[in-house]
Amino acid sequence: MLQPSPQRQKQSASRPLDFVALCPTSALPDVPDEDSHNPRAQARSDMMLRWLTACSVLAATLLWAPAGVLAAPLAGTLFVVDPGHGTRTIDGRPLNVGAVGRHGLAETLVTLAVGEDLARLLRQAGAHVVLTRSYTRPWRTGRVVRLDNRARAALANRLHATAFVAIHADASRNRKAHGTSVFWLRSNSLRLAYAMRAHLRALDLGESQFRRRNLAVTSEARVPAVLIELGFISNPFQERLLATPAFQQRAARVLYAALAATYARS
Ligand SMILES: [Zn+2]
């Protein structure tokens, strides 16, 4: 059985007067003082019972339903969140470890942290989330990088996911290169891509690229799919930002906001 969340408990505790307003005792039918075998008294008693039941249902609806809607705007959705890289061969050799910054920050750790934060936010909003890598299973096993990337998106297809989100951090030989990027391929991803672009502005890192791109994950995905680059790990300033849990959580909130803007029920 579902237990009320602390949020719901807080809300219901803060609104005890609503019930009184909805169901004023002055509106209660008179309690019959006749013999309970009297048919008229029985009818009044039945009426009172129906009134109290209706009142309880109305009060429960108003007390609980708005909290439920607020707490689960993404109920009924399923997202596959793909923290990029983190793949090794079956005998443990690195296969797809991603970029490493000048100060030693590994892209694979950033993508995993942001992916886990994003998954938590989505689940709190009522969504189902499947992570292609997680804190409990940080490494994938594969033989060919492109096939491993395709397998991540294929999972989203198999699950008929609402959307697939691949998370990466960019790298360039030009250490001044900076900014976030959004890539997609199919037209069913366009709405999500624009939402991502709009919300990524909040990170204030500038924009590097926003375009259709035939990547392993975007070409494999039949469901709406985007690949996000959260800034350049090769840029010393952006590397320092990407390394902090505060920034990682902000990035996750931005990705969450874009998904919620696109898929939350109104
Ligand atoms: Zn990457």
# chains A, B, ... in the order shown; residues from 1 in each chain; ligands from 1
>>> residues_near_ligand(ligand="ligand 1", cutoff="6 Å", atoms="only C-alpha atoms and all ligand atoms", output="NGL selection string")
:A and (84 or 98 or 168-169)
>>> write_last_selection(atoms="N, CA and C atoms", output="PDB file, in the first residue's frame")
ATOM      1  N   GLY A  84      27.166   8.911 -20.293  1.00  0.00           N
ATOM      2  CA  GLY A  84      28.048   8.474 -21.377  1.00  0.00           C
ATOM      3  C   GLY A  84      29.321   7.787 -20.903  1.00  0.00           C
ATOM      4  N   GLY A  98      35.880   7.883 -22.210  1.00  0.00           N
ATOM      5  CA  GLY A  98      35.558   9.295 -22.342  1.00  0.00           C
ATOM      6  C   GLY A  98      36.781  10.184 -22.155  1.00  0.00           C
ATOM      7  N   HIS A 168      26.908  13.771 -21.707  1.00  0.00           N
ATOM      8  CA  HIS A 168      28.355  13.787 -21.969  1.00  0.00           C
ATOM      9  C   HIS A 168      28.949  15.124 -21.545  1.00  0.00           C
ATOM     10  N   ALA A 169      30.280  15.174 -21.541  1.00  0.00           N
ATOM     11  CA  ALA A 169      31.004  16.446 -21.433  1.00  0.00           C
ATOM     12  C   ALA A 169      31.972  16.484 -22.601  1.00  0.00           C
TER      13      ALA A 169
END
>>> select_by_dssp(residues="region 75-114 of chain A", states="helix (DSSP H, G or I)", output="VMD selection string")
chain A and resid 107 to 114
>>> write_last_selection(atoms="C-alpha atoms", output="compact mmCIF listing (two decimals), in the first residue's frame")
# COMPACT_ATOMS: atom_id res chain seq x y z
CA GLU A 107 34.13 12.58 -18.08
CA THR A 108 32.76 9.20 -17.10
CA LEU A 109 32.46 10.29 -13.44
CA VAL A 110 30.71 13.57 -14.32
CA THR A 111 28.19 11.88 -16.58
CA LEU A 112 27.44 9.25 -13.95
CA ALA A 113 26.90 11.82 -11.18
CA VAL A 114 24.63 13.99 -13.34
>>> atom_distance(atom1="CA of Arg123 (chain A)", atom2="CA of Arg191 (chain A)")
21.7 Å
>>> closest_residue(among="A:Phe237, A:Ala119, A:Gly86, A:Val223", to="Arg137 (chain A)", atoms="only C-alpha atoms")
A:Gly86
>>> residues_around(residues="Ala264 (chain A)", least_positions_apart="3", cutoff="10 Å", atoms="only C-alpha atoms", output="list in words")
Ala72, Pro73, Leu74, Ala75, Gly76, Thr77, Ala125, Gly126, Ala127, Ala257, Ala258, Leu259, Ala260 and Ala261 of chain A
>>> closest_residue(among="A:Val144, A:Leu200, A:Leu241, A:Ile233", to="Arg88 (chain A)", atoms="only C-alpha atoms")
A:Val144
>>> residues_around(residues="Thr136 (chain A)", least_positions_apart="3", cutoff="12 Å", atoms="only C-alpha atoms", output="ChimeraX atom specification")
/A:112-113,116,131-133,139-140
>>> closest_residue(among="A:Met196, A:Val130, A:Leu215, A:Leu105", to="Arg158 (chain A)", atoms="only C-alpha atoms")
A:Val130
>>> residues_around(residues="Asp91 (chain A)", least_positions_apart="5", cutoff="12 Å", atoms="only C-alpha atoms", output="ChimeraX atom specification")
/A:140-143
>>> write_last_selection(atoms="C-alpha atoms", output="PDB file, in the first residue's frame")
ATOM      1  CA  ARG A 140      29.320  -1.535 -18.826  1.00  0.00           C
ATOM      2  CA  THR A 141      30.907  -4.400 -20.702  1.00  0.00           C
ATOM      3  CA  GLY A 142      31.382  -4.307 -24.447  1.00  0.00           C
ATOM      4  CA  ARG A 143      33.593  -5.206 -27.413  1.00  0.00           C
TER       5      ARG A 143
END
>>> closest_residue(among="A:Ala71, A:Thr244, A:Asp148, A:Asn188", to="Thr162 (chain A)", atoms="only C-alpha atoms")
A:Asn188
>>> closest_residue(among="A:Asn96, A:Ser266, A:Ser234, A:Asn149", to="Asn174 (chain A)", atoms="only C-alpha atoms")
A:Ser234
>>> residues_around(residues="Asp117 (chain A)", least_positions_apart="6", cutoff="12 Å", atoms="only C-alpha atoms", output="NGL selection string")
:A and (81 or 83 or 110-111 or 123-124 or 129 or 131 or 134-135 or 167 or 245-256)
>>> residues_around(residues="Ala166 (chain A)", least_positions_apart="3", cutoff="10 Å", atoms="only C-alpha atoms", output="PyMOL selection string")
chain A and resi 80-85+111+115+132+149+152-153+182-183+217-218+225-229
>>> write_last_selection(atoms="C-alpha atoms", output="PDB file, in the first residue's frame")
ATOM      1  CA  VAL A  80      16.276   5.993 -20.292  1.00  0.00           C
ATOM      2  CA  VAL A  81      19.105   8.105 -18.906  1.00  0.00           C
ATOM      3  CA  ASP A  82      22.491   7.294 -20.393  1.00  0.00           C
ATOM      4  CA  PRO A  83      25.557   8.554 -18.519  1.00  0.00           C
ATOM      5  CA  GLY A  84      28.048   8.474 -21.377  1.00  0.00           C
ATOM      6  CA  HIS A  85      31.120   6.203 -21.569  1.00  0.00           C
ATOM      7  CA  THR A 111      28.190  11.882 -16.584  1.00  0.00           C
ATOM      8  CA  GLY A 115      22.769  10.917 -14.603  1.00  0.00           C
ATOM      9  CA  THR A 132      22.407   2.539 -18.622  1.00  0.00           C
ATOM     10  CA  ASN A 149      26.482   3.055 -27.757  1.00  0.00           C
ATOM     11  CA  ARG A 152      22.118   1.993 -24.981  1.00  0.00           C
ATOM     12  CA  ALA A 153      19.653   3.594 -27.378  1.00  0.00           C
ATOM     13  CA  VAL A 182      22.481  19.528 -27.919  1.00  0.00           C
ATOM     14  CA  PHE A 183      22.403  16.910 -30.672  1.00  0.00           C
ATOM     15  CA  VAL A 217      22.762   6.828 -30.100  1.00  0.00           C
ATOM     16  CA  THR A 218      20.735   9.367 -32.093  1.00  0.00           C
ATOM     17  CA  ALA A 225      16.490  11.156 -28.153  1.00  0.00           C
ATOM     18  CA  VAL A 226      19.023  13.865 -27.402  1.00  0.00           C
ATOM     19  CA  LEU A 227      22.704  13.838 -26.612  1.00  0.00           C
ATOM     20  CA  ILE A 228      23.786  16.627 -24.304  1.00  0.00           C
ATOM     21  CA  GLU A 229      27.315  17.955 -23.855  1.00  0.00           C
TER      22      GLU A 229
END
